$ cat target.txt   # compact mmCIF, C-alpha atoms
# COMPACT_ATOMS: atom_id res chain seq x y z
CA MET A 1 19.08 70.81 74.92
CA HIS A 2 20.06 74.09 73.24
CA ILE A 3 18.03 77.16 72.22
CA CYS A 4 18.55 78.67 68.73
CA GLU A 5 19.68 82.30 68.90
CA ARG A 6 17.77 83.12 65.74
CA CYS A 7 14.31 81.49 66.03
CA GLY A 8 14.28 80.41 69.74
CA LYS A 9 13.64 76.75 68.89
CA GLU A 10 14.95 74.03 71.19
CA PHE A 11 17.31 71.46 69.57
CA GLU A 12 19.81 68.78 70.54
CA ILE A 13 22.35 68.86 67.66
CA GLY A 14 22.77 72.10 65.76
CA PHE A 15 23.84 72.79 62.19
CA ASN A 16 27.50 72.07 61.43
CA LYS A 17 28.06 70.89 65.03
CA ASN A 18 27.23 74.39 66.24
CA ASP A 19 25.26 74.86 69.50
CA ARG A 20 24.03 78.35 68.59
CA PHE A 21 21.78 77.69 65.55
CA CYS A 22 19.33 74.88 64.86
CA SER A 23 19.51 74.80 61.06
CA GLU A 24 21.36 76.05 58.01
CA HIS A 25 18.73 78.74 57.44
CA CYS A 26 19.16 80.20 60.92
CA PHE A 27 22.98 79.94 60.63
CA TYR A 28 23.16 82.02 57.43
CA SER A 29 20.35 84.44 58.31
CA HIS A 30 22.14 85.71 61.40
CA PRO A 31 21.67 89.53 61.52
CA PHE A 32 24.67 91.73 60.71
CA SER A 33 26.06 94.27 63.14
CA ASN A 34 25.88 97.97 62.34
CA ASP A 35 29.55 98.09 61.26
CA GLN A 36 29.05 95.12 58.93
CA LYS A 37 25.95 96.76 57.44
CA GLU A 38 27.90 99.98 56.71
CA LYS A 39 30.78 98.08 55.04
CA LEU A 40 28.34 96.09 52.92
CA SER A 41 26.44 99.20 51.80
CA LYS A 42 29.72 100.97 50.86
CA ALA A 43 30.87 97.98 48.82
CA ILE A 44 27.54 97.87 46.96
CA SER A 45 27.60 101.63 46.25
CA ASN A 46 31.24 101.46 45.06
CA SER A 47 30.47 98.60 42.72
CA LYS A 48 27.55 100.55 41.24
CA ARG A 49 29.75 103.63 40.84
CA ASN A 50 32.48 101.58 39.13
CA ILE A 51 29.93 100.20 36.66
CA GLU A 52 28.76 103.73 35.86
CA LEU A 53 32.34 104.99 35.41
CA ARG A 54 33.16 102.06 33.15
CA LYS A 55 30.17 102.86 30.95
CA LYS A 56 31.13 106.56 30.77
CA LYS A 57 34.70 105.62 29.88
CA GLU A 58 33.57 103.31 27.07
CA GLU A 59 31.25 106.03 25.74
CA HIS A 60 34.06 108.63 25.82
CA ILE A 61 36.52 106.34 24.01
CA LYS A 62 33.87 105.55 21.38
CA PHE A 63 33.29 109.29 20.92
CA LEU A 64 37.03 109.93 20.43
CA ASN A 65 37.32 107.13 17.89
CA GLU A 66 34.62 108.80 15.80
CA THR A 67 35.85 112.41 16.18
CA GLU A 68 38.60 113.94 14.04
CA CYS A 69 41.25 116.05 15.79
CA VAL A 70 44.27 117.99 14.55
CA CYS A 71 47.66 117.49 16.22
CA GLU A 72 49.10 120.76 17.53
CA LYS A 73 52.64 119.58 16.83
CA CYS A 74 52.70 117.92 13.40
CA GLY A 75 49.30 119.01 12.04
CA LYS A 76 48.18 115.44 11.41
CA VAL A 77 44.44 114.67 11.40
CA PHE A 78 43.73 111.68 13.64
CA LYS A 79 41.03 109.81 15.50
CA GLY A 80 41.22 108.21 18.91
CA ASP A 81 43.51 108.98 21.83
CA TYR A 82 47.03 107.72 22.63
CA ARG A 83 46.37 108.08 26.38
CA SER A 84 45.43 104.89 28.23
CA TYR A 85 42.91 106.40 30.71
CA LYS A 86 44.06 104.19 33.57
CA SER A 87 42.74 106.77 36.05
CA PHE A 88 39.49 107.91 34.42
CA ASN A 89 37.95 111.14 35.74
CA PRO A 90 34.58 112.04 34.13
CA LEU A 91 34.93 115.65 35.33
CA LYS A 92 38.16 116.21 33.33
CA LEU A 93 37.25 115.01 29.84
CA SER A 94 38.80 116.78 26.85
CA LEU A 95 39.80 116.19 23.26
CA PRO A 96 43.43 115.08 22.73
CA ARG A 97 45.85 117.81 21.64
CA PHE A 98 48.49 115.50 20.14
CA CYS A 99 48.37 112.43 17.90
CA SER A 100 51.02 110.43 19.74
CA ARG A 101 53.25 110.37 22.79
CA SER A 102 56.27 111.52 20.75
CA CYS A 103 54.47 114.67 19.62
CA ALA A 104 53.22 115.33 23.15
CA ASN A 105 56.75 115.06 24.58
CA LYS A 106 58.37 117.43 22.09
CA ARG A 107 59.00 120.91 23.41
CA ILE A 108 59.97 124.12 21.63
CA HIS A 109 61.26 126.59 24.20
CA SER A 110 60.85 130.30 23.63
CA ASN A 111 63.80 132.66 23.92
CA GLU A 112 62.62 133.75 27.35
CA THR A 113 62.47 130.15 28.56
CA LYS A 114 65.95 129.45 27.15
CA LYS A 115 67.37 132.48 28.97
CA ALA A 116 65.75 131.39 32.24
CA ILE A 117 67.24 127.87 31.88
CA SER A 118 70.71 129.21 31.10
CA GLU A 119 70.64 131.53 34.13
CA LYS A 120 69.71 128.62 36.40
CA LEU A 121 72.58 126.52 35.00
CA LYS A 122 75.20 129.21 35.49
CA GLY A 123 77.87 128.15 37.96
CA ARG A 124 76.97 124.45 37.72
CA ARG A 125 79.48 121.86 36.52
CA THR A 126 77.90 119.87 33.70
CA GLY A 127 79.16 116.61 32.21
CA ALA A 128 81.46 118.33 29.71
CA ALA A 129 82.95 120.58 32.41
CA ILE A 130 83.77 117.59 34.59
CA LEU A 131 85.29 115.74 31.61
CA ASN A 132 87.49 118.73 30.65
CA LYS A 133 88.82 119.28 34.17
CA GLY A 134 92.62 119.54 34.13
CA LYS A 135 92.91 119.33 30.31
CA PRO A 136 94.50 122.04 28.14
CA ALA A 137 92.17 124.40 26.30
CA LYS A 138 93.03 122.97 22.87
CA ASN A 139 92.00 119.45 23.97
CA ARG A 140 88.63 120.27 25.52
CA ALA A 141 85.30 118.93 24.31
CA THR A 142 83.01 121.84 23.44
CA ILE A 143 79.84 122.39 21.46
CA GLU A 144 81.82 124.17 18.72
CA ASN A 145 84.04 121.15 17.96
CA GLY A 146 81.20 118.64 18.26
CA GLY A 147 82.36 117.23 21.61
CA LEU A 148 85.53 115.76 20.06
CA LEU A 149 88.76 115.10 21.95
CA GLN A 150 92.31 114.26 20.90
CA ALA A 151 94.55 111.48 22.14
CA THR A 152 97.85 109.82 21.22
CA CYS A 153 97.90 106.10 20.37
CA PRO A 154 100.40 104.29 22.65
CA VAL A 155 101.34 101.85 19.83
CA CYS A 156 101.98 104.02 16.76
CA ASN A 157 102.06 107.48 18.45
CA LYS A 158 99.43 108.72 16.04
CA ILE A 159 97.19 111.60 17.18
CA PHE A 160 93.52 110.76 16.63
CA THR A 161 90.14 112.21 17.63
CA TYR A 162 87.24 110.55 19.43
CA HIS A 163 83.89 111.64 20.85
CA ARG A 164 83.73 112.39 24.55
CA HIS A 165 80.94 109.84 25.05
CA THR A 166 82.98 107.01 23.45
CA PRO A 167 86.53 107.26 24.84
CA ARG A 168 89.27 105.27 23.10
CA LYS A 169 92.88 104.44 23.89
CA TYR A 170 94.04 103.13 20.50
CA CYS A 171 93.63 104.75 17.08
CA SER A 172 92.53 101.61 15.23
CA ARG A 173 91.64 97.95 15.61
CA LYS A 174 95.02 97.02 14.12
CA CYS A 175 96.90 98.72 16.97
CA TRP A 176 94.59 97.12 19.51
CA ASP A 177 95.11 93.65 18.03
CA SER A 178 98.89 94.10 18.17
CA VAL A 179 98.86 94.36 21.98
CA SER A 180 95.75 92.36 22.88
CA GLY A 181 95.33 88.61 23.24
CA GLY A 182 98.16 86.23 24.07
CA TYR A 183 98.49 83.74 26.89
CA ARG A 184 96.78 84.71 30.16
CA GLU A 185 96.93 82.64 33.32
CA GLY A 186 93.46 81.49 34.33
CA SER A 187 91.97 81.89 30.84
CA VAL A 188 91.01 78.19 30.91
CA LYS A 189 87.93 77.88 33.12
CA ASN A 190 87.88 74.58 34.97
CA TYR A 191 87.83 73.30 38.53
CA THR A 192 91.54 72.33 38.68
CA HIS A 193 93.90 75.25 38.23
CA GLY A 194 96.43 77.07 40.37
CA THR A 195 100.17 77.21 41.02
CA TYR A 196 102.67 74.60 42.18
CA GLU A 197 106.22 75.57 43.13
CA GLY A 198 105.71 78.84 41.24
CA TYR A 199 104.45 77.17 38.03
CA TYR A 200 100.88 77.75 36.87
CA TYR A 201 98.76 74.80 35.71
CA ASP A 202 95.37 74.74 33.98
CA SER A 203 94.42 71.11 34.65
CA SER A 204 95.22 68.12 36.86
CA TRP A 205 97.20 66.53 34.00
CA GLU A 206 99.43 69.60 33.76
CA LEU A 207 99.98 69.44 37.53
CA ILE A 208 101.15 65.80 37.22
CA TRP A 209 103.58 66.73 34.45
CA ILE A 210 104.98 69.69 36.47
CA LYS A 211 105.59 67.40 39.47
CA TRP A 212 107.26 64.81 37.23
CA ALA A 213 109.48 67.44 35.57
CA LEU A 214 110.57 68.89 38.90
CA LYS A 215 111.29 65.43 40.28
CA ASN A 216 113.44 64.55 37.26
CA LYS A 217 115.08 68.01 37.19
CA VAL A 218 113.77 68.90 33.74
CA HIS A 219 114.31 72.58 33.00
CA PHE A 220 111.06 74.04 31.64
CA GLU A 221 108.93 77.17 31.64
CA ARG A 222 105.35 78.10 30.89
CA ASN A 223 104.98 78.94 27.21
CA LYS A 224 103.72 82.42 26.33
CA ILE A 225 104.50 82.49 22.60
CA GLY A 226 101.68 82.03 20.09
CA PHE A 227 102.06 80.28 16.72
CA PRO A 228 99.65 81.16 13.88
CA TYR A 229 97.40 78.60 12.24
CA ILE A 230 94.32 78.72 10.00
CA TYR A 231 91.03 77.07 10.92
CA LYS A 232 87.86 77.41 8.84
CA GLY A 233 89.38 80.22 6.80
CA GLU A 234 90.33 82.37 9.81
CA GLU A 235 93.74 82.92 11.37
CA HIS A 236 94.26 82.08 15.05
CA LYS A 237 97.16 81.54 17.44
CA TYR A 238 98.12 78.32 19.19
CA TYR A 239 99.89 78.35 22.57
CA PRO A 240 101.54 75.06 23.62
CA ASP A 241 101.56 74.33 27.35
CA PHE A 242 105.28 74.23 28.20
CA TYR A 243 108.66 75.06 26.64
CA LEU A 244 111.96 73.20 27.18
CA PRO A 245 114.66 75.82 26.46
CA GLU A 246 117.60 73.38 26.61
CA LYS A 247 116.08 71.21 23.85
CA ASP A 248 114.16 74.00 22.06
CA GLU A 249 111.13 71.74 22.32
CA TYR A 250 107.49 72.31 23.26
CA VAL A 251 105.20 70.09 25.32
CA GLU A 252 101.44 69.82 24.77
CA ILE A 253 99.18 67.94 27.18
CA LYS A 254 96.15 67.03 25.10
CA GLY A 255 92.94 65.22 25.94
CA ILE A 256 90.80 65.83 22.83
CA ASP A 257 91.81 64.92 19.28
CA ASP A 258 89.52 66.87 16.91
CA ASP A 259 89.74 68.91 13.68
CA LEU A 260 90.84 72.02 15.55
CA TRP A 261 93.77 70.19 17.12
CA LYS A 262 94.75 68.71 13.76
CA ALA A 263 94.91 72.23 12.26
CA LYS A 264 97.13 73.40 15.12
CA LYS A 265 99.45 70.39 14.83
CA LEU A 266 99.87 70.65 11.04
CA ALA A 267 100.80 74.35 11.20
CA PHE A 268 103.17 74.10 14.17
CA PRO A 269 106.78 74.78 12.97
CA LYS A 270 108.74 73.53 16.00
CA LYS A 271 109.36 70.18 17.65
CA LEU A 272 106.33 69.23 19.73
CA THR A 273 105.88 66.42 22.27
CA ILE A 274 102.25 65.43 22.76
CA LEU A 275 101.23 63.71 26.00
CA LYS A 276 97.85 61.99 26.19
CA LYS A 277 95.95 60.17 28.90
CA LYS A 278 98.09 57.00 28.86
CA ASP A 279 101.30 59.04 29.06
CA ILE A 280 100.02 61.08 32.01
CA GLU A 281 98.91 57.93 33.85
CA ALA A 282 102.41 56.48 33.40
CA LEU A 283 103.99 59.66 34.79
CA GLU A 284 101.60 59.58 37.75
CA LYS A 285 102.67 56.02 38.59
CA ASP A 286 106.29 57.15 38.44
CA LEU A 287 105.58 59.82 41.08
CA ILE A 288 104.27 57.26 43.59

$ encode --input "target.txt" --output "structure tokens"
Amino acid sequence: MHICERCGKEFEIGFNKNDRFCSEHCFYSHPFSNDQKEKLSKAISNSKRNIELRKKKEEHIKFLNETECVCEKCGKVFKGDYRSYKSFNPLKLSLPRFCSRSCANKRIHSNETKKAISEKLKGRRTGAAILNKGKPAKNRATIENGGLLQATCPVCNKIFTYHRHTPRKYCSRKCWDSVSGGYREGSVKNYTHGTYEGYYYDSSWELIWIKWALKNKVHFERNKIGFPYIYKGEEHKYYPDFYLPEKDEYVEIKGIDDDLWKAKKLAFPKKLTILKKKDIEALEKDLI
């Protein structure tokens, strides 16, 4: 037998297999401790205060939506408030001075404020001072020349100007195009690429052909010359895979036969040997 801690009744099996209380009523009506009572009272008072603050906030926003104010910056007559009132304080309520955030953020400094700012900045190295370090006086970016700098194009040797925030090396897109592009090792992104005996390959098929050419003592080199062709009204350059200087012949290892490849093949002016899957498989058998 057990004795209930709440009502003092004797019982055999308590509520929820608990030996302290005889019933559900006694289990949930267990008296709180003093600390629990204080926490509960604070939570109730805070909830009441939050309800009151929410009501005051709604009343204040309604009042602002009905009241006309004049912006101190642009002179516009407006209603409402651009501020969000995330932290609402009923003791610091006021009418808005500006119509928007942009007007509130604009500042017009007086002459005294400007002088104070300039005195504080004296002796400091600003962005323009760091940029002009080591440059001749005639090629320095200043406020008078609009922050412009001069440079010499490495292609045509033309002297051109550019803004200090947008540095340039070439005078025009034409000069940039004349030195950009071309064949670059590793430009083809796949899982099989690398070098074999000093020759770079972009695919497993190219590796098989390199091994076959070395075995049969075929003199070749990686092609780095581009040949122009037109596709969909635009001019591009086509780079075959390998070049045979003794025969003045090019080798292309091709896996896809589409419209782009047809345009390249029709415009190619030299002799071109095309190796496809069956040809590569035959070369691979020859290596075994």

$ residues_near_point --input "target.txt" --point "(110.3, 67.7, 26.0)" --cutoff "9 Å" --atoms "only C-alpha atoms" --output "number ranges by chain"
A: 218, 220, 242-244, 247-251, 271-274

$ atom_distance --input "target.txt" --atom1 "atom CA of Ile3 of chain A" --atom2 "atom CA of Glu38 of chain A"
29.3 Å

$ residues_near_point --input "target.txt" --point "(101.0, 64.0, 26.3)" --cutoff "6 Å" --atoms "only C-alpha atoms" --output "number ranges by chain"
A: 253-254, 274-276, 279

$ residues_around --input "target.txt" --residues "Ala267 of chain A" --least-positions-apart "3" --cutoff "7 Å" --atoms "only C-alpha atoms" --output "VMD selection string"
chain A and resid 229 263 to 264

$ write_last_selection --input "target.txt" --atoms "C-alpha atoms" --output "PDB file, in the coordinates of the input"
ATOM      1  CA  TYR A 229      97.400  78.600  12.240  1.00  0.00           C
ATOM      2  CA  ALA A 263      94.910  72.230  12.260  1.00  0.00           C
ATOM      3  CA  LYS A 264      97.130  73.400  15.120  1.00  0.00           C
TER       4      LYS A 264
END

$ closest_residue --input "target.txt" --among "A:Ala116, A:Cys69, A:Cys156, A:Leu121" --to "Arg97 of chain A" --atoms "only C-alpha atoms"
A:Cys69

$ decode --input "target.txt" --residues "segment 41-68 of chain A" --atoms "N, CA, C and O atoms" --output "PDB file, in the first residue's frame"
ATOM      1  N   SER A  41       4.734  33.712 -12.278  1.00  0.00           N
ATOM      2  CA  SER A  41       4.165  35.060 -12.156  1.00  0.00           C
ATOM      3  C   SER A  41       4.858  36.039 -13.100  1.00  0.00           C
ATOM      4  O   SER A  41       4.225  36.910 -13.697  1.00  0.00           O
ATOM      5  N   LYS A  42       6.212  35.899 -13.259  1.00  0.00           N
ATOM      6  CA  LYS A  42       6.946  36.765 -14.182  1.00  0.00           C
ATOM      7  C   LYS A  42       6.510  36.524 -15.623  1.00  0.00           C
ATOM      8  O   LYS A  42       6.341  37.465 -16.405  1.00  0.00           O
ATOM      9  N   ALA A  43       6.322  35.270 -15.981  1.00  0.00           N
ATOM     10  CA  ALA A  43       5.892  34.959 -17.351  1.00  0.00           C
ATOM     11  C   ALA A  43       4.517  35.544 -17.645  1.00  0.00           C
ATOM     12  O   ALA A  43       4.265  36.082 -18.727  1.00  0.00           O
ATOM     13  N   ILE A  44       3.604  35.467 -16.641  1.00  0.00           N
ATOM     14  CA  ILE A  44       2.258  36.015 -16.836  1.00  0.00           C
ATOM     15  C   ILE A  44       2.306  37.530 -16.966  1.00  0.00           C
ATOM     16  O   ILE A  44       1.659  38.125 -17.833  1.00  0.00           O
ATOM     17  N   SER A  45       3.115  38.184 -16.102  1.00  0.00           N
ATOM     18  CA  SER A  45       3.216  39.652 -16.160  1.00  0.00           C
ATOM     19  C   SER A  45       3.853  40.103 -17.465  1.00  0.00           C
ATOM     20  O   SER A  45       3.438  41.110 -18.065  1.00  0.00           O
ATOM     21  N   ASN A  46       4.879  39.369 -17.959  1.00  0.00           N
ATOM     22  CA  ASN A  46       5.522  39.732 -19.219  1.00  0.00           C
ATOM     23  C   ASN A  46       4.567  39.578 -20.396  1.00  0.00           C
ATOM     24  O   ASN A  46       4.563  40.401 -21.315  1.00  0.00           O
ATOM     25  N   SER A  47       3.772  38.527 -20.365  1.00  0.00           N
ATOM     26  CA  SER A  47       2.810  38.345 -21.458  1.00  0.00           C
ATOM     27  C   SER A  47       1.784  39.460 -21.464  1.00  0.00           C
ATOM     28  O   SER A  47       1.404  39.966 -22.524  1.00  0.00           O
ATOM     29  N   LYS A  48       1.334  39.888 -20.279  1.00  0.00           N
ATOM     30  CA  LYS A  48       0.379  41.005 -20.209  1.00  0.00           C
ATOM     31  C   LYS A  48       1.017  42.288 -20.713  1.00  0.00           C
ATOM     32  O   LYS A  48       0.391  43.078 -21.432  1.00  0.00           O
ATOM     33  N   ARG A  49       2.289  42.505 -20.343  1.00  0.00           N
ATOM     34  CA  ARG A  49       2.992  43.715 -20.784  1.00  0.00           C
ATOM     35  C   ARG A  49       3.179  43.703 -22.294  1.00  0.00           C
ATOM     36  O   ARG A  49       3.032  44.745 -22.955  1.00  0.00           O
ATOM     37  N   ASN A  50       3.508  42.546 -22.862  1.00  0.00           N
ATOM     38  CA  ASN A  50       3.682  42.452 -24.317  1.00  0.00           C
ATOM     39  C   ASN A  50       2.385  42.752 -25.050  1.00  0.00           C
ATOM     40  O   ASN A  50       2.388  43.392 -26.108  1.00  0.00           O
ATOM     41  N   ILE A  51       1.264  42.307 -24.495  1.00  0.00           N
ATOM     42  CA  ILE A  51      -0.037  42.590 -25.121  1.00  0.00           C
ATOM     43  C   ILE A  51      -0.314  44.085 -25.104  1.00  0.00           C
ATOM     44  O   ILE A  51      -0.776  44.672 -26.090  1.00  0.00           O
ATOM     45  N   GLU A  52       0.012  44.741 -23.972  1.00  0.00           N
ATOM     46  CA  GLU A  52      -0.200  46.180 -23.879  1.00  0.00           C
ATOM     47  C   GLU A  52       0.709  46.941 -24.848  1.00  0.00           C
ATOM     48  O   GLU A  52       0.278  47.900 -25.503  1.00  0.00           O
ATOM     49  N   LEU A  53       1.980  46.523 -24.951  1.00  0.00           N
ATOM     50  CA  LEU A  53       2.898  47.186 -25.882  1.00  0.00           C
ATOM     51  C   LEU A  53       2.457  47.001 -27.329  1.00  0.00           C
ATOM     52  O   LEU A  53       2.559  47.918 -28.139  1.00  0.00           O
ATOM     53  N   ARG A  54       1.950  45.811 -27.640  1.00  0.00           N
ATOM     54  CA  ARG A  54       1.486  45.559 -28.999  1.00  0.00           C
ATOM     55  C   ARG A  54       0.309  46.462 -29.346  1.00  0.00           C
ATOM     56  O   ARG A  54       0.225  46.998 -30.456  1.00  0.00           O
ATOM     57  N   LYS A  55      -0.580  46.657 -28.391  1.00  0.00           N
ATOM     58  CA  LYS A  55      -1.731  47.543 -28.628  1.00  0.00           C
ATOM     59  C   LYS A  55      -1.271  48.982 -28.829  1.00  0.00           C
ATOM     60  O   LYS A  55      -1.748  49.691 -29.722  1.00  0.00           O
ATOM     61  N   LYS A  56      -0.311  49.443 -27.972  1.00  0.00           N
ATOM     62  CA  LYS A  56       0.186  50.810 -28.113  1.00  0.00           C
ATOM     63  C   LYS A  56       0.905  50.999 -29.444  1.00  0.00           C
ATOM     64  O   LYS A  56       0.794  52.057 -30.087  1.00  0.00           O
ATOM     65  N   LYS A  57       1.645  49.986 -29.885  1.00  0.00           N
ATOM     66  CA  LYS A  57       2.334  50.072 -31.159  1.00  0.00           C
ATOM     67  C   LYS A  57       1.360  50.177 -32.318  1.00  0.00           C
ATOM     68  O   LYS A  57       1.535  50.992 -33.232  1.00  0.00           O
ATOM     69  N   GLU A  58       0.302  49.368 -32.297  1.00  0.00           N
ATOM     70  CA  GLU A  58      -0.717  49.423 -33.348  1.00  0.00           C
ATOM     71  C   GLU A  58      -1.418  50.769 -33.357  1.00  0.00           C
ATOM     72  O   GLU A  58      -1.692  51.340 -34.426  1.00  0.00           O
ATOM     73  N   GLU A  59      -1.697  51.333 -32.173  1.00  0.00           N
ATOM     74  CA  GLU A  59      -2.337  52.646 -32.098  1.00  0.00           C
ATOM     75  C   GLU A  59      -1.420  53.734 -32.646  1.00  0.00           C
ATOM     76  O   GLU A  59      -1.871  54.646 -33.349  1.00  0.00           O
ATOM     77  N   HIS A  60      -0.103  53.644 -32.338  1.00  0.00           N
ATOM     78  CA  HIS A  60       0.840  54.652 -32.820  1.00  0.00           C
ATOM     79  C   HIS A  60       0.988  54.589 -34.339  1.00  0.00           C
ATOM     80  O   HIS A  60       1.025  55.630 -35.013  1.00  0.00           O
ATOM     81  N   ILE A  61       1.071  53.385 -34.899  1.00  0.00           N
ATOM     82  CA  ILE A  61       1.183  53.245 -36.352  1.00  0.00           C
ATOM     83  C   ILE A  61      -0.081  53.753 -37.044  1.00  0.00           C
ATOM     84  O   ILE A  61      -0.011  54.415 -38.098  1.00  0.00           O
ATOM     85  N   LYS A  62      -1.230  53.489 -36.469  1.00  0.00           N
ATOM     86  CA  LYS A  62      -2.487  53.990 -37.025  1.00  0.00           C
ATOM     87  C   LYS A  62      -2.515  55.509 -36.987  1.00  0.00           C
ATOM     88  O   LYS A  62      -2.972  56.166 -37.942  1.00  0.00           O
ATOM     89  N   PHE A  63      -1.997  56.095 -35.918  1.00  0.00           N
ATOM     90  CA  PHE A  63      -1.943  57.556 -35.801  1.00  0.00           C
ATOM     91  C   PHE A  63      -1.031  58.156 -36.860  1.00  0.00           C
ATOM     92  O   PHE A  63      -1.342  59.180 -37.485  1.00  0.00           O
ATOM     93  N   LEU A  64       0.133  57.506 -37.113  1.00  0.00           N
ATOM     94  CA  LEU A  64       1.058  58.015 -38.127  1.00  0.00           C
ATOM     95  C   LEU A  64       0.492  57.894 -39.536  1.00  0.00           C
ATOM     96  O   LEU A  64       0.748  58.751 -40.385  1.00  0.00           O
ATOM     97  N   ASN A  65      -0.280  56.850 -39.791  1.00  0.00           N
ATOM     98  CA  ASN A  65      -0.877  56.681 -41.115  1.00  0.00           C
ATOM     99  C   ASN A  65      -1.957  57.705 -41.406  1.00  0.00           C
ATOM    100  O   ASN A  65      -2.316  57.910 -42.576  1.00  0.00           O
ATOM    101  N   GLU A  66      -2.464  58.345 -40.376  1.00  0.00           N
ATOM    102  CA  GLU A  66      -3.513  59.354 -40.542  1.00  0.00           C
ATOM    103  C   GLU A  66      -2.981  60.772 -40.417  1.00  0.00           C
ATOM    104  O   GLU A  66      -3.714  61.732 -40.649  1.00  0.00           O
ATOM    105  N   THR A  67      -1.708  60.941 -40.024  1.00  0.00           N
ATOM    106  CA  THR A  67      -1.135  62.266 -39.788  1.00  0.00           C
ATOM    107  C   THR A  67      -0.193  62.634 -40.929  1.00  0.00           C
ATOM    108  O   THR A  67       0.634  61.832 -41.351  1.00  0.00           O
ATOM    109  N   GLU A  68      -0.317  63.872 -41.423  1.00  0.00           N
ATOM    110  CA  GLU A  68       0.556  64.361 -42.486  1.00  0.00           C
ATOM    111  C   GLU A  68       1.800  65.000 -41.884  1.00  0.00           C
ATOM    112  O   GLU A  68       1.722  65.787 -40.941  1.00  0.00           O
TER     113      GLU A  68
END
